[in-house]
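Participant: If it helps, the file is called upload-v3.cif and holds mmCIF, C-alpha atoms (C1' of nucleotides):
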```
data_protein
#
loop_
_atom_site.label_atom_id
_atom_site.label_comp_id
_atom_site.auth_asym_id
_atom_site.auth_seq_id
_atom_site.Cartn_x
_atom_site.Cartn_y
_atom_site.Cartn_z
CA MET A 1 -4.20 25.73 3.35
CA LYS A 2 -2.32 22.99 1.55
CA ILE A 3 -1.99 19.70 3.40
CA SER A 4 -0.33 16.39 2.65
CA ILE A 5 -2.03 13.08 3.36
CA ALA A 6 -0.04 9.85 3.45
CA THR A 7 -1.37 6.29 3.42
CA TRP A 8 0.85 3.36 4.32
CA ASN A 9 0.40 -0.30 5.08
CA VAL A 10 3.10 -0.65 7.77
CA ASN A 11 2.80 -4.42 8.26
CA SER A 12 2.84 -4.17 12.07
CA VAL A 13 3.48 -0.79 13.64
CA ARG A 14 5.43 -2.29 16.56
CA ALA A 15 7.72 -4.33 14.32
CA HIS A 16 8.45 -1.26 12.20
CA LEU A 17 8.64 1.54 14.75
CA SER A 18 12.06 2.71 13.60
CA THR A 19 10.92 2.56 10.00
CA VAL A 20 7.87 4.68 10.80
CA GLU A 21 10.08 7.16 12.59
CA GLN A 22 12.39 7.39 9.59
CA PHE A 23 9.44 8.08 7.33
CA LEU A 24 7.98 10.75 9.63
CA ALA A 25 11.35 12.48 9.84
CA ALA A 26 11.71 12.39 6.05
CA LYS A 27 8.24 13.49 4.95
CA GLN A 28 6.28 14.91 7.90
CA PRO A 29 2.86 14.42 6.28
CA ASP A 30 0.12 16.50 7.90
CA VAL A 31 -2.13 13.46 8.03
CA LEU A 32 -0.98 9.85 8.21
CA CYS A 33 -3.21 6.85 7.59
CA LEU A 34 -1.90 3.42 8.51
CA GLN A 35 -3.12 -0.07 7.72
CA GLU A 36 -2.18 -3.44 9.20
CA ILE A 37 -1.12 -1.95 12.50
CA LYS A 38 -1.59 -5.45 14.01
CA VAL A 39 -2.14 -4.20 17.54
CA THR A 40 -4.98 -3.34 19.89
CA ASN A 41 -5.76 0.30 20.67
CA GLU A 42 -4.54 -0.26 24.25
CA LEU A 43 -1.09 -1.41 23.16
CA PHE A 44 -0.61 1.08 20.34
CA PRO A 45 2.74 2.95 20.66
CA LEU A 46 1.27 6.47 20.66
CA GLU A 47 4.38 8.08 22.18
CA LEU A 48 6.38 7.89 18.98
CA PHE A 49 3.68 9.68 17.03
CA GLU A 50 3.16 12.32 19.69
CA ALA A 51 6.90 12.96 19.73
CA HIS A 52 6.67 13.79 16.03
CA GLY A 53 3.77 16.17 16.48
CA TYR A 54 0.88 13.83 15.73
CA VAL A 55 -1.25 14.80 18.71
CA HIS A 56 -4.55 13.68 17.20
CA HIS A 57 -5.34 10.08 16.50
CA ALA A 58 -8.19 7.82 15.52
CA LEU A 59 -7.35 4.19 16.26
CA HIS A 60 -9.20 1.11 15.14
CA GLY A 61 -6.97 -1.77 16.08
CA GLN A 62 -7.33 -5.41 16.96
CA LYS A 63 -5.05 -8.15 18.10
CA ALA A 64 -2.54 -9.69 15.65
CA TYR A 65 -4.25 -8.87 12.37
CA HIS A 66 -5.52 -5.94 10.33
CA GLY A 67 -6.14 -2.66 12.13
CA VAL A 68 -6.17 0.90 10.80
CA ALA A 69 -5.32 4.29 12.27
CA ILE A 70 -5.30 7.99 11.38
CA PHE A 71 -2.91 10.60 12.80
CA SER A 72 -2.73 14.34 12.32
CA LYS A 73 -0.77 17.40 13.38
CA ALA A 74 -2.05 19.87 15.98
CA ALA A 75 -3.65 22.20 13.42
CA LEU A 76 -5.83 19.40 12.09
CA PRO A 77 -8.07 17.94 14.80
CA LEU A 78 -9.89 14.75 13.85
CA GLU A 79 -13.60 14.92 14.53
CA LYS A 80 -16.54 12.53 14.28
CA VAL A 81 -14.28 9.47 14.49
CA THR A 82 -16.14 6.35 13.39
CA ARG A 83 -14.99 2.73 13.44
CA LYS A 84 -17.02 0.71 11.01
CA HIS A 85 -17.34 -3.03 10.44
CA TRP A 86 -18.37 -4.68 7.20
CA CYS A 87 -19.96 -7.98 6.15
CA ASP A 88 -20.97 -8.62 9.80
CA ILE A 89 -17.39 -9.58 10.55
CA ASP A 90 -15.57 -8.21 13.58
CA GLN A 91 -12.40 -7.08 11.78
CA ALA A 92 -10.83 -3.62 12.07
CA ARG A 93 -10.64 -2.57 8.43
CA HIS A 94 -12.17 0.92 8.30
CA VAL A 95 -11.92 4.10 10.32
CA TYR A 96 -13.06 7.51 9.21
CA CYS A 97 -13.26 11.03 10.58
CA THR A 98 -13.69 14.64 9.58
CA LEU A 99 -10.87 17.11 8.98
CA PRO A 100 -11.18 20.89 9.26
CA GLY A 101 -12.91 22.23 6.17
CA GLY A 102 -15.47 19.43 6.32
CA ILE A 103 -13.33 16.88 4.55
CA GLU A 104 -14.36 13.32 5.41
CA LEU A 105 -11.35 11.02 5.42
CA HIS A 106 -11.81 7.25 5.01
CA ASN A 107 -9.04 4.80 5.76
CA PHE A 108 -9.58 1.21 4.49
CA TYR A 109 -7.81 -2.10 4.64
CA VAL A 110 -9.57 -4.33 2.12
CA PRO A 111 -9.33 -8.12 2.69
CA ALA A 112 -6.40 -9.65 0.83
CA GLY A 113 -8.52 -12.47 -0.56
CA GLY A 114 -6.43 -15.59 0.02
CA ASP A 115 -4.76 -17.66 -2.67
CA LYS A 116 -7.37 -18.93 -5.06
CA PRO A 117 -9.42 -16.36 -6.98
CA ASP A 118 -12.61 -18.43 -6.75
CA ALA A 119 -15.41 -17.27 -4.46
CA GLU A 120 -17.03 -20.73 -4.54
CA ILE A 121 -14.13 -22.48 -2.86
CA ASN A 122 -12.27 -19.64 -1.15
CA GLU A 123 -14.13 -17.89 1.67
CA LYS A 124 -11.54 -15.11 1.84
CA PHE A 125 -12.00 -14.26 -1.80
CA ARG A 126 -15.78 -14.25 -1.28
CA HIS A 127 -15.27 -11.87 1.64
CA LYS A 128 -13.07 -9.56 -0.43
CA LEU A 129 -15.69 -9.26 -3.19
CA ASP A 130 -18.56 -8.87 -0.69
CA PHE A 131 -16.61 -6.21 1.17
CA MET A 132 -16.19 -4.11 -1.96
CA THR A 133 -19.85 -4.62 -2.90
CA GLU A 134 -21.09 -3.50 0.53
CA VAL A 135 -18.82 -0.46 0.69
CA SER A 136 -19.84 0.54 -2.85
CA ALA A 137 -23.54 0.42 -1.98
CA TRP A 138 -22.91 2.51 1.14
CA PHE A 139 -21.10 5.25 -0.75
CA LYS A 140 -23.70 5.19 -3.50
CA ARG A 141 -26.45 5.81 -0.95
CA ARG A 142 -24.49 8.68 0.58
CA LYS A 143 -23.53 10.24 -2.75
CA ARG A 144 -24.05 14.03 -2.91
CA ARG A 145 -22.54 16.46 -5.37
CA LYS A 146 -21.02 18.63 -2.63
CA ASN A 147 -19.42 15.79 -0.63
CA ARG A 148 -15.75 16.39 0.08
CA PHE A 149 -14.42 12.89 0.74
CA VAL A 150 -10.91 11.47 0.63
CA LEU A 151 -10.62 7.69 0.55
CA VAL A 152 -7.26 6.05 1.17
CA GLY A 153 -5.91 2.67 1.98
CA ASP A 154 -4.57 -0.69 1.05
CA LEU A 155 -7.37 -1.66 -1.30
CA ASN A 156 -5.55 -4.84 -2.31
CA VAL A 157 -6.50 -4.50 -5.98
CA ALA A 158 -4.25 -3.28 -8.80
CA PRO A 159 -6.82 -2.18 -11.39
CA LEU A 160 -4.82 -1.08 -14.43
CA GLU A 161 -2.50 -3.10 -16.64
CA THR A 162 0.23 -0.63 -15.69
CA ASP A 163 -0.48 -1.18 -12.00
CA VAL A 164 1.28 -4.57 -12.14
CA TRP A 165 4.66 -5.70 -13.42
CA ASN A 166 3.13 -8.22 -15.81
CA HIS A 167 -0.54 -7.91 -16.73
CA LYS A 168 -0.94 -11.23 -18.54
CA GLN A 169 0.87 -13.20 -15.88
CA LEU A 170 -1.21 -11.71 -13.09
CA LEU A 171 -4.66 -12.08 -14.64
CA ARG A 172 -5.26 -15.19 -12.54
CA VAL A 173 -3.44 -13.93 -9.47
CA VAL A 174 -5.47 -12.48 -6.59
CA SER A 175 -5.24 -8.66 -6.68
CA HIS A 176 -5.43 -8.32 -10.46
CA THR A 177 -8.19 -10.71 -11.59
CA PRO A 178 -10.95 -9.32 -13.81
CA ILE A 179 -13.63 -9.97 -11.17
CA GLU A 180 -11.75 -8.00 -8.53
CA VAL A 181 -11.12 -5.16 -10.96
CA ALA A 182 -14.84 -5.18 -11.83
CA HIS A 183 -15.71 -4.89 -8.14
CA MET A 184 -13.24 -2.07 -7.74
CA ASP A 185 -14.72 -0.36 -10.82
CA THR A 186 -18.15 -0.52 -9.16
CA TRP A 187 -16.70 1.02 -6.01
CA TYR A 188 -14.93 3.67 -8.08
CA ALA A 189 -18.20 4.53 -9.80
CA SER A 190 -20.15 4.63 -6.51
CA HIS A 191 -19.23 8.26 -5.88
CA ASP A 192 -17.57 9.15 -9.21
CA TRP A 193 -14.25 8.88 -7.40
CA VAL A 194 -11.09 10.40 -8.87
CA ASP A 195 -7.85 8.43 -8.59
CA ALA A 196 -5.43 11.02 -7.18
CA VAL A 197 -2.30 9.20 -8.30
CA ARG A 198 -3.50 8.66 -11.86
CA HIS A 199 -4.64 12.29 -11.86
CA PHE A 200 -0.94 13.14 -12.06
CA ILE A 201 0.73 10.04 -13.47
CA PRO A 202 -0.57 8.95 -16.91
CA ALA A 203 -2.20 5.54 -17.20
CA ASP A 204 0.46 4.28 -19.61
CA GLU A 205 3.16 4.65 -16.97
CA ASN A 206 3.82 1.80 -14.53
CA VAL A 207 3.24 2.67 -10.87
CA TYR A 208 3.60 0.26 -7.94
CA SER A 209 3.21 0.64 -4.18
CA TRP A 210 3.92 -2.93 -3.07
CA TRP A 211 6.84 -5.24 -3.71
CA SER A 212 6.87 -8.76 -2.28
CA TYR A 213 9.31 -9.76 0.42
CA ARG A 214 9.91 -12.90 -1.58
CA ALA A 215 12.24 -11.45 -4.16
CA ARG A 216 15.94 -11.56 -3.39
CA ASP A 217 16.26 -7.97 -4.56
CA TRP A 218 12.84 -6.28 -4.66
CA GLU A 219 14.15 -3.20 -6.45
CA LEU A 220 16.06 -5.07 -9.12
CA ALA A 221 13.25 -7.58 -9.76
CA ASP A 222 10.69 -4.73 -9.60
CA LYS A 223 7.77 -7.16 -9.62
CA GLY A 224 5.47 -4.62 -8.04
CA ARG A 225 1.75 -3.95 -7.85
CA ARG A 226 -0.20 -0.77 -7.10
CA LEU A 227 -2.40 -1.91 -4.22
CA ASP A 228 -2.49 1.32 -2.22
CA HIS A 229 -4.73 4.11 -3.38
CA VAL A 230 -5.98 7.62 -2.74
CA TRP A 231 -9.29 8.65 -4.21
CA VAL A 232 -11.20 11.91 -3.86
CA THR A 233 -14.76 12.88 -4.69
CA PRO A 234 -15.37 15.20 -7.68
CA ALA A 235 -15.90 18.21 -5.38
CA LEU A 236 -12.30 17.84 -4.20
CA ALA A 237 -10.63 16.92 -7.48
CA PRO A 238 -9.84 20.57 -8.37
CA ASN A 239 -8.01 20.82 -5.02
CA LEU A 240 -5.45 18.12 -5.82
CA ARG A 241 -1.93 19.52 -6.02
CA GLY A 242 0.27 16.45 -6.27
CA ALA A 243 0.67 12.72 -5.69
CA GLU A 244 3.56 10.32 -5.34
CA VAL A 245 4.56 6.87 -4.21
CA PHE A 246 7.37 7.36 -1.71
CA LYS A 247 9.48 4.43 -2.88
CA PRO A 248 12.50 5.02 -0.57
CA ALA A 249 10.48 3.73 2.39
CA ARG A 250 10.38 0.28 0.78
CA GLY A 251 14.15 0.26 1.20
CA TYR A 252 14.13 1.16 4.90
CA GLN A 253 15.32 -1.49 7.33
CA PRO A 254 13.33 -3.32 8.44
CA ALA A 255 10.85 -2.54 5.69
CA SER A 256 7.15 -2.91 5.20
CA ASP A 257 6.43 -4.54 1.86
CA HIS A 258 4.32 -1.48 1.00
CA ALA A 259 5.53 2.04 0.22
CA PRO A 260 3.56 5.09 1.36
CA VAL A 261 1.39 6.99 -1.10
CA ILE A 262 1.25 10.73 -0.48
CA ILE A 263 -1.03 13.38 -1.93
CA GLU A 264 -1.12 17.13 -1.57
CA LEU A 265 -4.49 18.80 -1.29
CA GLU A 266 -5.74 22.37 -0.97
CA THR A 267 -8.36 22.40 1.77
CA GLU A 268 -10.01 25.76 1.03
"C1'" DA B 1 3.11 -25.03 -9.52
"C1'" DT B 2 6.32 -23.77 -6.07
"C1'" DG B 3 9.24 -21.13 -3.44
"C1'" DC B 4 10.98 -17.11 -2.20
"C1'" DC B 5 10.35 -13.77 3.01
"C1'" DG B 6 8.20 -11.55 6.97
"C1'" DT B 7 4.96 -10.96 11.16
"C1'" DA B 8 2.09 -12.75 14.96
"C1'" DT B 9 0.69 -16.13 18.32
"C1'" DG B 10 -1.15 -18.60 25.60
"C1'" DA B 11 4.04 -20.11 19.57
"C1'" DT B 12 8.96 -23.94 19.23
"C1'" DA B 13 4.46 -25.01 14.11
"C1'" DT B 14 0.93 -22.64 11.90
"C1'" DA B 15 -1.94 -18.92 9.79
"C1'" DC B 16 -1.75 -15.07 7.01
"C1'" DG B 17 -0.04 -11.93 3.64
"C1'" DA B 18 -1.06 -11.06 -2.10
#
```
Could you rewrite the structure in this file as structure tokens?
Facilitator:
Amino acid sequence: MKISIATWNVNSVRAHLSTVEQFLAAKQPDVLCLQEIKVTNELFPLELFEAHGYVHHALHGQKAYHGVAIFSKAALPLEKVTRKHWCDIDQARHVYCTLPGGIELHNFYVPAGGDKPDAEINEKFRHKLDFMTEVSAWFKRRKRRKNRFVLVGDLNVAPLETDVWNHKQLLRVVSHTPIEVAHMDTWYASHDWVDAVRHFIPADENVYSWWSYRARDWELADKGRRLDHVWVTPALAPNLRGAEVFKPARGYQPASDHAPVIIELETE
DNA sequence: ATGCCGTATGATATACGA
């Protein structure tokens, strides 16, 4: 069975309900992972998702900030739902569950990291680096050859030169600094992850998934970064069938500043 | 270096995003 998995930082699910609906109508992914839902589980607008056939859900929300969630169609029940916290901080940044076929799906929202890329003076940047270090150690401990894991989310790091609109200019900008990329490299190595998007799109081609609100014309300026990722473990890499950034969603009104990333995967 | 814009909050300014 071939399924599609989408990951999208919606920048508040309640503020972008109509935008979410437009995306669901357009793409109907079998599994949808959201970040920055910015709402508690109690107040989450489940009805919209149920109306589109997403009868299974795994919510990990909180008030005002962060928050992640996973949805799936009827044929794909979500089991063993786990809400995990990192760095001893009570922030909703990770939820994971198991899909039929024993695929473990991880949905992350990595800390943005604040303005200054200096862990000595910027607590948020320290947190971002520590978060990646802790998660890396966890996956490294759990590493097994047969593990079928999918990891998605807003990882808030654009690792390759072609993942940003201007490599040199962004070297000292949070999301593309060498120390962040090094931490992401450690994470990437923790389970020999395979980057599903770069599996299909060569590394010399620019790919972005986020465009700032602060440009007059985001599409024309095209000052994007690839912050949203889908990784799979080596056992699942042969099952990858496709990957794309669904750029039209960045043009929806009102828009999230992130576009969804969608992969297709054979589950057998 | 800054601003540009957007979302959320016991809000009418401030924190956060990246």
Participant: Choose the residue, out of A:Trp231, A:Phe200, A:Tyr65, A:Phe108, that has the smallest atom-to-atom separation from chain B; count all atoms listed in the file.
Facilitator: A:Tyr65
Participant: Any idea what's packed within 9 Å of Leu59 (chain A), counting all atoms listed in the file, ignoring anything in its chain fewer than 6 positions away? Could you give it as a list of chain:residue names?
Facilitator: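 Once the adjacent positions are removed, what remains is A:Thr40, A:Asn41, A:Phe44, A:Gly67, A:Val68, A:Ala69, A:Ile70, A:Phe71, A:Val81, A:Arg83, A:Val95.
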Participant: Evaluated on this file, the PyMOL selection byres ((chain A) within 9 of (chain B)) picks out some residues - which ones are they, written as a PyMOL selection string?
Facilitator: chain A and resi 11-12+15+38+64-65+112-115+156+173-175+212-216+256-257
Participant: Restricting the calculation to all atoms listed in the file, which member of A:Met1, A:Leu236, A:Val10, A:Ala243 is positioned closest to Val261 (chain A)?
Facilitator: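 Smallest distance to Val261 (chain A) is found for A:Ala243.
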Participant: Nearest to Arg126 (chain A) among A:Pro159, A:Gly53, A:Gly101, A:Pro111, with distances taken over only C-alpha atoms: which residue is it?
Facilitator: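 Residue with the minimum atom-to-atom distance to Arg126 (chain A): A:Pro111.
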Participant: (-5.6, 25.8, -0.5) in this file's frame - what residues fall within 12 Å of it? Use all atoms listed in the file and give the answer as a list in words.
Facilitator: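 Residues satisfying the cut-off, written out: Met1, Lys2, Ile3, Ser4, Gly101, Leu236, Pro238, Asn239, Leu240, Arg241, Glu264, Leu265, Glu266, Thr267 and Glu268 of chain A.
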Participant: So the first atom is CA of Phe246 (chain A) and the second is CA of Val164 (chain A); what is the distance between them in Å, to one decimal place?
Facilitator: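 Atom-to-atom, CA of Phe246 (chain A) and CA of Val164 (chain A) are spaced 17.0 Å apart.
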Participant: Go ahead and compute the interatomic distance for CA of His94 (chain A) and CA of Arg250 (chain A), in Å to one decimal.
Facilitator: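 Between these atoms lies a distance of 23.8 Å.
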Participant: Enter the distance from CA of Phe23 (chain A) to CA of Ile201 (chain A), in Å, rounded to one decimal.
Facilitator: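 Here the two named atoms are 22.6 Å from each other.
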Participant: Name the residues that the PyMOL selection byres ((chain A and resi 97) around 8) pulls out of this structure, and write them as JSON, numbers by chain.
Facilitator: {"A": [58, 78, 79, 80, 81, 82, 95, 96, 98, 99, 104, 105, 106]}
Participant: Select, from A:Ala237, A:Ala259, A:Leu34, A:Leu46, the residue with the minimum atom-to-atom distance to Asp192 (chain A), counting all atoms listed in the file.
Facilitator: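 Closest to Asp192 (chain A), using all atoms listed in the file: A:Ala237.
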Participant: Nearest to Val232 (chain A): which of A:Pro45, A:Ile5, A:Trp218, A:Thr19 is it, counting all atoms listed in the file?
Facilitator: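 When distances to Val232 (chain A) are compared using all atoms listed in the file, the smallest one comes from A:Ile5.
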Participant: Can you tell me which residues surround region 127-143 of chain A at a distance of at most 8 Å, considering all atoms listed in the file, apart from same-chain residues fewer than 4 positions away, and format the answer as a ChimeraX atom specification?
Facilitator: /A:86-87,110-113,123,147,180,183-184,186-188,190-191
Participant: Export C-alpha atoms of region 156-237 of chain A from the structure just given, as a tab-separated table (two decimals), in the first residue's frame?
Facilitator:
```tsv
chain	number	residue	atom	x	y	z
A	156	ASN	CA	14.37	24.88	11.94
A	157	VAL	CA	17.73	24.21	10.29
A	158	ALA	CA	18.55	24.53	6.59
A	159	PRO	CA	21.61	22.29	6.30
A	160	LEU	CA	22.77	22.58	2.68
A	161	GLU	CA	24.02	25.62	0.80
A	162	THR	CA	21.15	25.04	-1.63
A	163	ASP	CA	18.66	24.98	1.23
A	164	VAL	CA	18.91	28.78	1.56
A	165	TRP	CA	18.60	31.64	-0.91
A	166	ASN	CA	22.07	32.96	-0.09
A	167	HIS	CA	24.54	30.71	1.69
A	168	LYS	CA	27.21	33.32	2.46
A	169	GLN	CA	24.73	35.86	3.72
A	170	LEU	CA	23.04	33.38	6.02
A	171	LEU	CA	26.13	31.83	7.60
A	172	ARG	CA	25.64	34.01	10.68
A	173	VAL	CA	21.86	33.87	10.64
A	174	VAL	CA	20.09	31.44	12.99
A	175	SER	CA	18.91	28.39	10.99
A	176	HIS	CA	21.98	28.13	8.77
A	177	THR	CA	24.99	28.64	11.08
A	178	PRO	CA	27.76	26.02	11.00
A	179	ILE	CA	27.13	24.99	14.62
A	180	GLU	CA	23.46	24.31	13.96
A	181	VAL	CA	24.29	22.37	10.82
A	182	ALA	CA	26.85	20.36	12.80
A	183	HIS	CA	24.19	19.51	15.38
A	184	MET	CA	21.80	18.51	12.65
A	185	ASP	CA	24.53	16.38	11.05
A	186	THR	CA	24.94	14.56	14.37
A	187	TRP	CA	21.19	13.97	14.51
A	188	TYR	CA	21.21	12.82	10.89
A	189	ALA	CA	23.98	10.34	11.68
A	190	SER	CA	22.24	9.07	14.84
A	191	HIS	CA	20.19	6.54	12.88
A	192	ASP	CA	21.81	6.83	9.44
A	193	TRP	CA	18.77	8.83	8.39
A	194	VAL	CA	17.95	9.36	4.72
A	195	ASP	CA	16.69	12.79	3.64
A	196	ALA	CA	13.57	11.92	1.62
A	197	VAL	CA	13.46	15.20	-0.27
A	198	ARG	CA	17.13	15.12	-1.26
A	199	HIS	CA	16.62	11.46	-2.21
A	200	PHE	CA	14.68	12.81	-5.20
A	201	ILE	CA	15.93	16.36	-5.67
A	202	PRO	CA	19.69	16.67	-6.28
A	203	ALA	CA	21.76	18.62	-3.77
A	204	ASP	CA	22.78	21.22	-6.34
A	205	GLU	CA	19.17	22.31	-6.80
A	206	ASN	CA	17.70	24.96	-4.50
A	207	VAL	CA	14.75	23.80	-2.39
A	208	TYR	CA	12.90	25.90	0.18
A	209	SER	CA	9.91	25.24	2.44
A	210	TRP	CA	9.71	28.56	4.28
A	211	TRP	CA	9.46	32.12	3.03
A	212	SER	CA	9.33	35.02	5.49
A	213	TYR	CA	6.21	37.11	5.89
A	214	ARG	CA	8.48	40.13	5.80
A	215	ALA	CA	8.99	40.30	2.07
A	216	ARG	CA	6.56	42.41	0.09
A	217	ASP	CA	6.30	39.64	-2.47
A	218	TRP	CA	7.56	36.34	-1.04
A	219	GLU	CA	7.47	34.57	-4.39
A	220	LEU	CA	9.25	37.27	-6.33
A	221	ALA	CA	11.91	37.82	-3.65
A	222	ASP	CA	12.21	34.03	-3.18
A	223	LYS	CA	14.40	34.44	-0.10
A	224	GLY	CA	13.49	31.00	1.16
A	225	ARG	CA	14.99	28.37	3.44
A	226	ARG	CA	14.40	24.62	3.69
A	227	LEU	CA	13.49	24.25	7.36
A	228	ASP	CA	10.94	21.45	7.06
A	229	HIS	CA	12.18	17.93	6.59
A	230	VAL	CA	11.23	14.30	6.15
A	231	TRP	CA	13.78	11.66	7.03
A	232	VAL	CA	13.47	7.88	6.98
A	233	THR	CA	15.63	5.12	8.42
A	234	PRO	CA	17.68	2.96	6.02
A	235	ALA	CA	15.18	0.08	6.29
A	236	LEU	CA	12.53	2.35	4.75
A	237	ALA	CA	14.64	4.15	2.16
```
